[in-house]
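S.K.: Sharing entry.cif (mmCIF, C-alpha atoms) below.
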data_input
loop_
_atom_site.label_atom_id
_atom_site.label_comp_id
_atom_site.auth_asym_id
_atom_site.auth_seq_id
_atom_site.Cartn_x
_atom_site.Cartn_y
_atom_site.Cartn_z
CA MET U 1 0.00 0.00 0.00
CA ASN U 2 1.42 3.34 -1.03
CA GLN U 3 1.71 5.64 1.96
CA VAL U 4 1.29 8.76 -0.21
CA SER U 5 -2.18 7.66 -1.36
CA SER U 6 -3.18 6.35 2.06
CA LYS U 7 -5.63 8.25 4.24
CA LEU U 8 -4.67 8.44 7.91
CA SER U 9 -7.17 9.41 10.57
CA ILE U 10 -7.83 8.81 14.25
CA ARG U 11 -10.86 8.67 16.48
CA GLU U 12 -11.76 7.82 20.03
CA LEU U 13 -12.22 4.18 20.98
CA ARG U 14 -15.69 2.76 20.21
CA ALA U 15 -17.36 -0.47 21.30
CA GLU U 16 -16.83 -1.96 17.82
CA ASP U 17 -13.05 -1.56 18.26
CA LEU U 18 -12.82 -3.77 21.33
CA ASP U 19 -12.39 -7.12 19.55
CA ALA U 20 -9.48 -5.91 17.40
CA LEU U 21 -7.80 -4.11 20.29
CA ILE U 22 -8.15 -7.10 22.61
CA SER U 23 -6.86 -9.44 19.89
CA TYR U 24 -3.74 -7.30 19.54
CA TRP U 25 -2.96 -7.84 23.22
CA THR U 26 -4.00 -11.48 23.51
CA GLU U 27 -2.87 -12.86 20.14
CA SER U 28 0.43 -11.08 19.43
CA LYS U 29 3.56 -13.19 19.65
CA ALA U 30 5.16 -13.28 23.07
CA SER U 31 8.52 -12.30 21.54
CA PHE U 32 6.98 -9.12 20.07
CA MET U 33 5.39 -8.19 23.40
CA GLU U 34 8.62 -8.85 25.29
CA ASN U 35 10.52 -6.59 22.85
CA MET U 36 8.16 -3.84 24.00
CA GLY U 37 8.89 -4.62 27.64
CA VAL U 38 5.66 -6.52 28.36
CA ASP U 39 5.70 -9.18 31.07
CA MET U 40 3.54 -11.95 29.59
CA ASN U 41 2.80 -13.24 33.10
CA LYS U 42 0.87 -10.01 33.74
CA MET U 43 -1.22 -10.24 30.55
CA PRO U 44 -4.95 -10.04 31.35
CA LYS U 45 -7.41 -12.52 29.87
CA GLU U 46 -9.82 -11.41 27.17
CA ALA U 47 -12.70 -10.82 29.61
CA GLU U 48 -10.51 -8.63 31.83
CA TRP U 49 -9.46 -6.56 28.81
CA ARG U 50 -13.10 -6.15 27.76
CA THR U 51 -14.13 -4.95 31.23
CA PHE U 52 -11.20 -2.52 31.44
CA LEU U 53 -11.72 -1.06 27.97
CA SER U 54 -15.52 -0.92 28.20
CA LYS U 55 -15.25 1.15 31.37
CA GLN U 56 -13.45 3.96 29.59
CA LEU U 57 -16.23 4.15 27.00
CA GLN U 58 -18.60 5.28 29.76
CA GLN U 59 -16.33 7.81 31.49
CA ASN U 60 -16.06 11.52 30.83
CA TYR U 61 -12.59 12.98 30.34
CA LYS U 62 -12.17 14.01 33.96
CA GLU U 63 -12.89 10.44 35.17
CA LYS U 64 -10.79 8.47 32.70
CA GLU U 65 -8.05 6.17 33.99
CA SER U 66 -7.14 5.36 30.40
CA TYR U 67 -8.05 7.13 27.17
CA CYS U 68 -7.61 5.41 23.81
CA LEU U 69 -7.47 6.73 20.26
CA ILE U 70 -7.80 4.29 17.35
CA TRP U 71 -5.48 4.73 14.38
CA LEU U 72 -7.17 4.30 10.98
CA LEU U 73 -5.50 3.67 7.64
CA ASN U 74 -8.01 4.06 4.82
CA ASN U 75 -10.79 3.76 7.41
CA GLN U 76 -9.45 0.43 8.74
CA ALA U 77 -8.23 0.22 12.34
CA VAL U 78 -4.50 -0.56 12.35
CA GLY U 79 -3.36 0.53 15.80
CA HIS U 80 -3.93 2.73 18.78
CA SER U 81 -2.43 5.22 21.13
CA ASN U 82 -3.63 5.56 24.66
CA VAL U 83 -2.72 7.45 27.76
CA SER U 84 -2.75 6.13 31.30
CA LYS U 85 -1.78 7.44 34.73
CA ILE U 86 -3.99 10.42 33.88
CA ILE U 87 -4.19 13.37 36.22
CA TYR U 88 -6.79 15.50 34.46
CA GLY U 89 -5.56 19.05 33.90
CA LYS U 90 -1.97 18.06 34.57
CA GLU U 91 -0.36 14.98 33.01
CA ALA U 92 -0.73 11.61 31.30
CA TYR U 93 1.53 8.81 30.01
CA MET U 94 1.25 7.87 26.34
CA HIS U 95 1.57 4.41 24.74
CA LEU U 96 1.89 3.68 20.99
CA HIS U 97 0.90 0.50 19.15
CA LEU U 98 0.72 -0.48 15.48
CA TRP U 99 -1.08 -3.81 15.49
CA ASN U 100 0.32 -5.46 12.37
CA GLN U 101 3.97 -5.76 11.40
CA MET U 102 3.23 -4.80 7.78
CA HIS U 103 2.39 -1.26 8.98
CA ARG U 104 5.51 -0.79 11.09
CA ILE U 105 8.73 0.98 10.08
CA LYS U 106 6.96 3.04 7.40
CA GLY U 107 6.56 6.34 9.24
CA LEU U 108 2.87 5.72 9.95
CA GLY U 109 3.37 5.77 13.72
CA LEU U 110 4.93 9.23 13.52
CA GLN U 111 1.96 10.56 11.54
CA PHE U 112 -0.61 8.94 13.83
CA VAL U 113 1.05 10.29 16.96
CA LYS U 114 1.10 13.79 15.43
CA LEU U 115 -2.66 13.48 14.95
CA GLY U 116 -3.23 12.22 18.48
CA ILE U 117 -1.10 14.55 20.58
CA PRO U 118 -3.42 17.57 20.10
CA ILE U 119 -6.41 15.46 21.16
CA PHE U 120 -4.69 14.28 24.33
CA PHE U 121 -3.60 17.82 25.26
CA THR U 122 -7.02 19.33 24.52
CA ASN U 123 -9.44 16.71 25.85
CA LEU U 124 -7.49 16.03 29.04
CA ALA U 125 -6.35 19.67 29.54
CA LEU U 126 -2.77 18.44 29.88
CA GLU U 127 0.28 20.44 30.85
CA TYR U 128 2.64 17.45 30.44
CA LEU U 129 2.57 14.38 28.21
CA PHE U 130 5.06 11.65 29.09
CA CYS U 131 6.02 8.46 27.30
CA GLU U 132 8.14 5.72 28.87
CA PRO U 133 9.25 3.22 26.22
CA TYR U 134 11.55 0.32 26.85
CA ALA U 135 15.03 1.80 26.31
CA LEU U 136 16.03 -1.26 24.23
CA ASN U 137 13.14 -0.75 21.78
CA PRO U 138 14.54 1.78 19.29
CA ALA U 139 11.38 2.56 17.28
CA PRO U 140 9.37 4.52 19.88
CA ASN U 141 12.48 6.26 21.19
CA LYS U 142 13.37 7.53 17.69
CA LEU U 143 9.77 8.55 17.03
CA LEU U 144 9.50 10.58 20.24
CA GLN U 145 12.78 12.36 19.55
CA LYS U 146 11.64 13.22 15.98
CA LEU U 147 8.42 14.69 17.34
CA GLY U 148 10.27 16.99 19.71
CA PHE U 149 9.82 15.15 22.99
CA GLN U 150 12.69 15.80 25.39
CA LEU U 151 14.49 12.98 27.15
CA PHE U 152 13.47 13.73 30.73
CA GLU U 153 14.95 10.80 32.63
CA GLN U 154 16.55 7.38 32.21
CA TYR U 155 15.95 4.81 34.91
CA THR U 156 15.55 1.11 35.59
CA GLY U 157 12.11 0.17 36.84
CA ILE U 158 8.62 -1.02 35.97
CA PRO U 159 7.01 1.79 33.96
CA GLY U 160 3.51 0.30 33.66
CA TRP U 161 1.23 -2.40 35.04
CA LEU U 162 2.03 -4.78 32.14
CA ASN U 163 5.81 -4.35 32.20
CA PHE U 164 8.76 -6.20 33.65
CA GLU U 165 11.65 -4.35 35.27
CA GLN U 166 13.63 -2.74 32.46
CA PRO U 167 15.76 0.21 31.39
CA VAL U 168 13.32 3.03 30.60
CA ASN U 169 13.63 6.26 28.67
CA LYS U 170 11.14 8.77 30.03
CA TRP U 171 10.26 11.37 27.39
CA LEU U 172 8.35 14.62 27.98
CA MET U 173 6.31 16.99 25.83
CA THR U 174 5.16 20.08 27.72
CA LYS U 175 2.10 21.99 26.57
CA GLU U 176 4.30 24.98 25.77
CA ASN U 177 6.67 22.87 23.68
CA TYR U 178 3.73 21.20 21.92
CA LEU U 179 2.17 24.56 21.03
CA ASN U 180 5.50 25.81 19.63
CA LEU U 181 6.20 22.61 17.68
CA LYS U 182 2.79 21.94 16.18
CA VAL U 183 3.22 24.89 13.82
CA ASN U 184 6.05 22.97 12.09
CA TRP U 185 4.32 19.58 11.94
#
Give the structure from the file, written as structure tokens.

M.R.:
Amino acid sequence: MNQVSSKLSIRELRAEDLDALISYWTESKASFMENMGVDMNKMPKEAEWRTFLSKQLQQNYKEKESYCLIWLLNNQAVGHSNVSKIIYGKEAYMHLHLWNQMHRIKGLGLQFVKLGIPIFFTNLALEYLFCEPYALNPAPNKLLQKLGFQLFEQYTGIPGWLNFEQPVNKWLMTKENYLNLKVNW
């Protein structure tokens, strides 16, 4: 598929997205998940995913524990970005996922994240947007740097509820930096 002729768009998670999103988590190869820093022993079952994701469909922005945007390529869902550890009006932690390998390493993630960042900042009234990828996973680290995120901290720890202990790069986009950068996107 030619990227130039492809139409990229994003939208908030809907009930009809749950099966594909849950399949990504429950059916991806363990080696792929581990390369992202996921501890497969912490992986929820399908029913637990459905309960967790369905809850956010009912919450307003101020109540959300997680907020998910679906990435669409030619109107077909191909990935998602979500934020967690949300403190409405202050900060959130972003996660990035292209579901199928055929869509990776083509620059699509960069374009989707550019589309999503304004939504996260606006709908959650954020001052700070963090992202904590596994330091040994080069793709998200390169993407964040290209977008203008600043490397805020490097540490060894467990960055999220699905992760194992790992080296982490903690990236930061402030609202001020986002507003200055978005003009050049």

S.K.: Ser23 of chain U: which residues within 12 Å, counting only C-alpha atoms, same-chain residues fewer than 4 positions away excluded, as a list in words?

M.R.: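 Listing them by chain and then by number gives Asp17, Leu18, Asp19, Glu27, Ser28, Lys29, Pro44, Lys45, Glu46, Ala47, Trp49, Arg50, Val78, Gly79, Trp99 and Asn100 of chain U.
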
S.K.: Can you list what the PyMOL selection byres ((chain U and resi 39) around 6) grabs from this structure, as a ChimeraX atom specification?

M.R.: /U:38,40-42,162-164

S.K.: Using only C-alpha atoms, which residues sit within 9 Å of segment 175-182 of chain U once same-chain residues fewer than 5 positions away are excluded, as number ranges by chain?

M.R.: U: 114, 117-118, 121, 126-129, 147-149

S.K.: Go ahead and write the residues just picked, C-alpha atoms, as a PDB file, in the frame of the given file.

M.R.:
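The result, stored in out.pdb:
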ATOM      1  CA  LYS U 114       1.100  13.790  15.430  1.00  0.00           C
ATOM      2  CA  ILE U 117      -1.100  14.550  20.580  1.00  0.00           C
ATOM      3  CA  PRO U 118      -3.420  17.570  20.100  1.00  0.00           C
ATOM      4  CA  PHE U 121      -3.600  17.820  25.260  1.00  0.00           C
ATOM      5  CA  LEU U 126      -2.770  18.440  29.880  1.00  0.00           C
ATOM      6  CA  GLU U 127       0.280  20.440  30.850  1.00  0.00           C
ATOM      7  CA  TYR U 128       2.640  17.450  30.440  1.00  0.00           C
ATOM      8  CA  LEU U 129       2.570  14.380  28.210  1.00  0.00           C
ATOM      9  CA  LEU U 147       8.420  14.690  17.340  1.00  0.00           C
ATOM     10  CA  GLY U 148      10.270  16.990  19.710  1.00  0.00           C
ATOM     11  CA  PHE U 149       9.820  15.150  22.990  1.00  0.00           C
TER      12      PHE U 149
END

S.K.: Atom CA of Ile10 of chain U and atom CA of Ser66 of chain U, how far apart in Å?

M.R.: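 It comes out at 16.5 Å.
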
S.K.: Once the PyMOL selection byres ((chain U and resi 65) around 7) has been evaluated on this model, what residues remain selected, and can you format them as a ChimeraX atom specification?

M.R.: /U:63-64,66-67,84-86

S.K.: Could you turn the residues from that selection into a file that holds C-alpha atoms, as a short mmCIF file (atom, residue, chain, number, x, y, z; two decimals), in the coordinates of the input?

M.R.:
data_model
loop_
_atom_site.label_atom_id
_atom_site.label_comp_id
_atom_site.auth_asym_id
_atom_site.auth_seq_id
_atom_site.Cartn_x
_atom_site.Cartn_y
_atom_site.Cartn_z
CA GLU U 63 -12.89 10.44 35.17
CA LYS U 64 -10.79 8.47 32.70
CA SER U 66 -7.14 5.36 30.40
CA TYR U 67 -8.05 7.13 27.17
CA SER U 84 -2.75 6.13 31.30
CA LYS U 85 -1.78 7.44 34.73
CA ILE U 86 -3.99 10.42 33.88
#

S.K.: Looking at only C-alpha atoms, which of U:Asn169, U:Gln58, U:Ser9, U:Asn137 is the one that sits closest to Ile70 of chain U?

M.R.: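 Counting only C-alpha atoms, the residue closest to Ile70 of chain U is U:Ser9.
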
S.K.: Calculate how many Å separate atom CA of Lys142 of chain U from atom CA of Val113 of chain U, rounding to one decimal.

M.R.: 12.6 Å

S.K.: If the PyMOL selection byres ((chain U and resi 157) around 7) were run on this exact file, what residues would it hold? Put them as a PDB file with C-alpha atoms, keeping the file's coordinate frame.

M.R.:
ATOM      1  CA  TYR U 155      15.950   4.810  34.910  1.00  0.00           C
ATOM      2  CA  THR U 156      15.550   1.110  35.590  1.00  0.00           C
ATOM      3  CA  ILE U 158       8.620  -1.020  35.970  1.00  0.00           C
ATOM      4  CA  PRO U 159       7.010   1.790  33.960  1.00  0.00           C
ATOM      5  CA  GLU U 165      11.650  -4.350  35.270  1.00  0.00           C
ATOM      6  CA  GLN U 166      13.630  -2.740  32.460  1.00  0.00           C
ATOM      7  CA  PRO U 167      15.760   0.210  31.390  1.00  0.00           C
ATOM      8  CA  VAL U 168      13.320   3.030  30.600  1.00  0.00           C
TER       9      VAL U 168
END

S.K.: So which one's closest to Arg11 of chain U, U:Thr51, U:Leu73, U:Lys62, U:Gly37? Using only C-alpha atoms, please.

M.R.: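 So, comparing all the options, the nearest one is U:Leu73.
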
S.K.: Between U:Leu124, U:Ile119, U:Ala30, U:Leu53, single out the one closest to Tyr88 of chain U, counting all atoms listed in the file.

M.R.: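 Using all atoms listed in the file, the shortest distance to Tyr88 of chain U belongs to U:Leu124.
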
S.K.: Compare U:Phe120, U:Tyr93, U:Tyr134, U:Trp161 by their minimum atom-to-atom distance to Glu34 of chain U, counting all atoms listed in the file, and give me the closest one.

M.R.: U:Tyr134

S.K.: Please compute the atom CA of Pro140 of chain U-atom CA of Trp171 of chain U distance, one decimal, in Å.

M.R.: 10.2 Å

S.K.: Of the residues U:Tyr24, U:Lys106, U:Glu48, U:Cys68, which is the one nearest to Met94 of chain U, using all atoms listed in the file?

M.R.: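 Comparing U:Tyr24, U:Lys106, U:Glu48, U:Cys68 against Met94 of chain U, the winner is U:Cys68.
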
S.K.: List as a VMD selection string the protein and nucleic acid residues near Gln145 of chain U, meaning an atom at most 12 Å away when only C-alpha atoms are counted, but skip any in the same chain fewer than 5 places from it.

M.R.: chain U and resid 110 131 133 138 to 140 150 to 152 169 to 173

S.K.: Would you save the residues of that selection, restricted to C-alpha atoms, as a tab-separated table (two decimals), in the coordinates of the input?

M.R.:
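Generated file (selection_34.tsv):
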chain	number	residue	atom	x	y	z
U	110	LEU	CA	4.93	9.23	13.52
U	131	CYS	CA	6.02	8.46	27.30
U	133	PRO	CA	9.25	3.22	26.22
U	138	PRO	CA	14.54	1.78	19.29
U	139	ALA	CA	11.38	2.56	17.28
U	140	PRO	CA	9.37	4.52	19.88
U	150	GLN	CA	12.69	15.80	25.39
U	151	LEU	CA	14.49	12.98	27.15
U	152	PHE	CA	13.47	13.73	30.73
U	169	ASN	CA	13.63	6.26	28.67
U	170	LYS	CA	11.14	8.77	30.03
U	171	TRP	CA	10.26	11.37	27.39
U	172	LEU	CA	8.35	14.62	27.98
U	173	MET	CA	6.31	16.99	25.83

S.K.: May I ask which of the residues U:His80, U:Asn35, U:Phe130, U:Asn74 is the closest one to Arg14 of chain U, counting only C-alpha atoms?

M.R.: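 Once distances to Arg14 of chain U are computed over only C-alpha atoms, the minimum belongs to U:His80.
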